[in-house]
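Novice: Before we start, here is the structure in question, set down as structure tokens.
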Amino acid sequence: MTTIHVVCPHCAATNRIPLEKRATAANCGACHRALFEGHPVPVDAAAFEKHRRGNDIPVLVDVWAPWCGPAGRWRPCSSARRLNSSHMCGC
Ligand SMILES: [Zn+2]
């Protein structure tokens, strides 16, 4: 059985997921919450390092600051983006 490593967006535990298992059915072995909920996850620097180093899946990074005008205009767009669909944001 081939597995991939996926870091939990809730507790940052690294999980081994069989490739043949549907991503939407995968739950964390530590906190038992869904590994993929289809929306962005805010992280701090430590959690970002865990996701960057521990994931075998691509990690999409969107960096913004609340004091940044251009970043603030993009925030609603990136928050609404569904990561598990082929829908493209119309911004
Ligand atoms: Zn977890």
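Naming works like this for the structure tokens: A, B, ... for the chains as they're shown, residue 1 at the start of each chain, ligands 1 onward in shown order.
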Each residue of chain A with at least one atom at most 6 Å from ligand 1 should appear once, together with its nearest atom pair and the corresponding distance in Å (one decimal); atoms considered: only C-alpha atoms and all ligand atoms; ordering: chain, then increasing residue number; output as CSV.
Specialist:
residue,atom,partner,partner_atom_place_in_ligand_line,distance
A:Cys8,CA,ligand 1,1 (Zn),4.6
A:His10,CA,ligand 1,1 (Zn),5.0
A:Cys11,CA,ligand 1,1 (Zn),4.1
A:Ala12,CA,ligand 1,1 (Zn),6.0
A:Ala13,CA,ligand 1,1 (Zn),5.4
A:Cys28,CA,ligand 1,1 (Zn),4.5
A:Ala30,CA,ligand 1,1 (Zn),5.1
A:Cys31,CA,ligand 1,1 (Zn),4.1
A:Arg33,CA,ligand 1,1 (Zn),5.9
Novice: Can you write just those residues out, N, CA and C atoms, as a compact mmCIF listing (two decimals), in the first residue's frame?
Specialist:
# COMPACT_ATOMS: atom_id res chain seq x y z
N CYS A 8 -2.09 17.66 9.29
CA CYS A 8 -3.44 18.06 9.69
C CYS A 8 -3.51 19.59 9.81
N HIS A 10 -5.56 21.19 11.54
CA HIS A 10 -6.08 21.55 12.87
C HIS A 10 -5.05 21.38 13.98
N CYS A 11 -4.32 20.27 13.98
CA CYS A 11 -3.38 20.00 15.08
C CYS A 11 -1.93 19.85 14.60
N ALA A 12 -1.71 19.93 13.29
CA ALA A 12 -0.37 19.86 12.67
C ALA A 12 0.30 18.49 12.84
N ALA A 13 -0.46 17.46 13.17
CA ALA A 13 0.09 16.10 13.20
C ALA A 13 0.25 15.61 11.76
N CYS A 28 -7.75 12.99 10.48
CA CYS A 28 -6.50 12.99 11.22
C CYS A 28 -6.52 11.87 12.27
N ALA A 30 -4.76 11.85 14.94
CA ALA A 30 -4.56 12.43 16.27
C ALA A 30 -5.82 13.13 16.79
N CYS A 31 -6.38 14.04 15.99
CA CYS A 31 -7.53 14.82 16.47
C CYS A 31 -8.85 14.37 15.85
N ARG A 33 -10.26 15.01 13.11
CA ARG A 33 -10.99 15.97 12.28
C ARG A 33 -10.59 15.76 10.82
Novice: I need the residues of chain A that end up classed as alpha helix (DSSP H) by DSSP on the backbone, written out as a compact mmCIF listing (two decimals) with N, CA and C atoms, in the first residue's frame.
Specialist:
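So the final result, stored in out_4.txt, reads:
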# COMPACT_ATOMS: atom_id res chain seq x y z
N ALA A 45 4.15 30.83 11.88
CA ALA A 45 5.42 30.42 11.27
C ALA A 45 5.75 28.96 11.59
N ALA A 46 5.51 28.53 12.81
CA ALA A 46 5.83 27.14 13.20
C ALA A 46 4.95 26.15 12.44
N ALA A 47 3.67 26.43 12.36
CA ALA A 47 2.75 25.52 11.64
C ALA A 47 3.07 25.52 10.15
N PHE A 48 3.45 26.68 9.61
CA PHE A 48 3.82 26.74 8.20
C PHE A 48 5.00 25.82 7.92
N GLU A 49 6.00 25.82 8.80
CA GLU A 49 7.16 24.95 8.61
C GLU A 49 6.76 23.47 8.64
N LYS A 50 5.83 23.11 9.53
CA LYS A 50 5.35 21.73 9.56
C LYS A 50 4.65 21.36 8.26
N HIS A 51 3.83 22.26 7.75
CA HIS A 51 3.13 21.98 6.49
C HIS A 51 4.11 21.93 5.33
N ARG A 52 5.09 22.82 5.33
CA ARG A 52 6.05 22.86 4.22
C ARG A 52 6.94 21.62 4.21
N ARG A 53 7.37 21.18 5.36
CA ARG A 53 8.30 20.05 5.43
C ARG A 53 7.59 18.70 5.48
N GLY A 54 6.40 18.65 6.09
CA GLY A 54 5.77 17.36 6.35
C GLY A 54 4.80 16.87 5.31
N GLY A 69 -3.46 47.37 2.03
CA GLY A 69 -4.64 47.61 1.21
C GLY A 69 -4.82 46.60 0.09
N PRO A 70 -3.81 46.42 -0.78
CA PRO A 70 -3.98 45.43 -1.87
C PRO A 70 -4.23 44.02 -1.35
N ALA A 71 -3.56 43.63 -0.28
CA ALA A 71 -3.78 42.28 0.27
C ALA A 71 -5.20 42.17 0.80
N GLY A 72 -5.71 43.23 1.42
CA GLY A 72 -7.07 43.21 1.96
C GLY A 72 -8.12 43.04 0.87
N ARG A 73 -7.85 43.58 -0.31
CA ARG A 73 -8.80 43.42 -1.42
C ARG A 73 -8.84 41.98 -1.90
N TRP A 74 -7.72 41.25 -1.79
CA TRP A 74 -7.67 39.87 -2.25
C TRP A 74 -8.18 38.89 -1.21
N ARG A 75 -8.19 39.30 0.07
CA ARG A 75 -8.55 38.37 1.14
C ARG A 75 -9.90 37.68 0.92
N PRO A 76 -10.97 38.44 0.60
CA PRO A 76 -12.25 37.74 0.40
C PRO A 76 -12.18 36.73 -0.72
N CYS A 77 -11.41 37.03 -1.74
CA CYS A 77 -11.28 36.10 -2.87
C CYS A 77 -10.58 34.82 -2.43
N SER A 78 -9.45 34.96 -1.73
CA SER A 78 -8.71 33.76 -1.34
C SER A 78 -9.46 32.98 -0.28
N SER A 79 -10.25 33.65 0.58
CA SER A 79 -11.00 32.93 1.59
C SER A 79 -12.12 32.11 0.98
N ALA A 80 -12.65 32.57 -0.13
CA ALA A 80 -13.76 31.86 -0.76
C ALA A 80 -13.29 30.76 -1.68
Novice: Near Asp56 (chain A), within 8 Å and counting only C-alpha atoms, which residues show up once chain neighbours fewer than 5 positions away are dropped, as a PyMOL selection string?
Specialist: chain A and resi 4-6
Novice: Can I get the selection written as a compact mmCIF listing (two decimals), in the first residue's frame, with C-alpha atoms?
Specialist:
# COMPACT_ATOMS: atom_id res chain seq x y z
CA ILE A 4 1.45 9.98 1.30
CA HIS A 5 2.13 12.26 4.25
CA VAL A 6 -0.48 14.93 4.96
Novice: Which is closer to His39 (chain A) than all the others in A:Asn55, A:Thr2, A:Arg16, A:Pro9, using only C-alpha atoms?
Specialist: A:Pro9
Novice: Provide the CA of Leu60 (chain A) to CA of Ala23 (chain A) distance in Å, to one decimal place.
Specialist: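 CA of Leu60 (chain A) sits 16.3 Å away from CA of Ala23 (chain A).
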Novice: Report the distance between CA of Thr3 (chain A) and CA of Leu19 (chain A) in Å, rounded to one decimal place.
Specialist: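 Computing the Euclidean distance for CA of Thr3 (chain A) and CA of Leu19 (chain A) yields 5.4 Å.
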Novice: Measure the distance from CA of Phe36 (chain A) to CA of Ile17 (chain A) in Å and round it to one decimal.
Specialist: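 Going from CA of Phe36 (chain A) over to CA of Ile17 (chain A) covers 11.9 Å.
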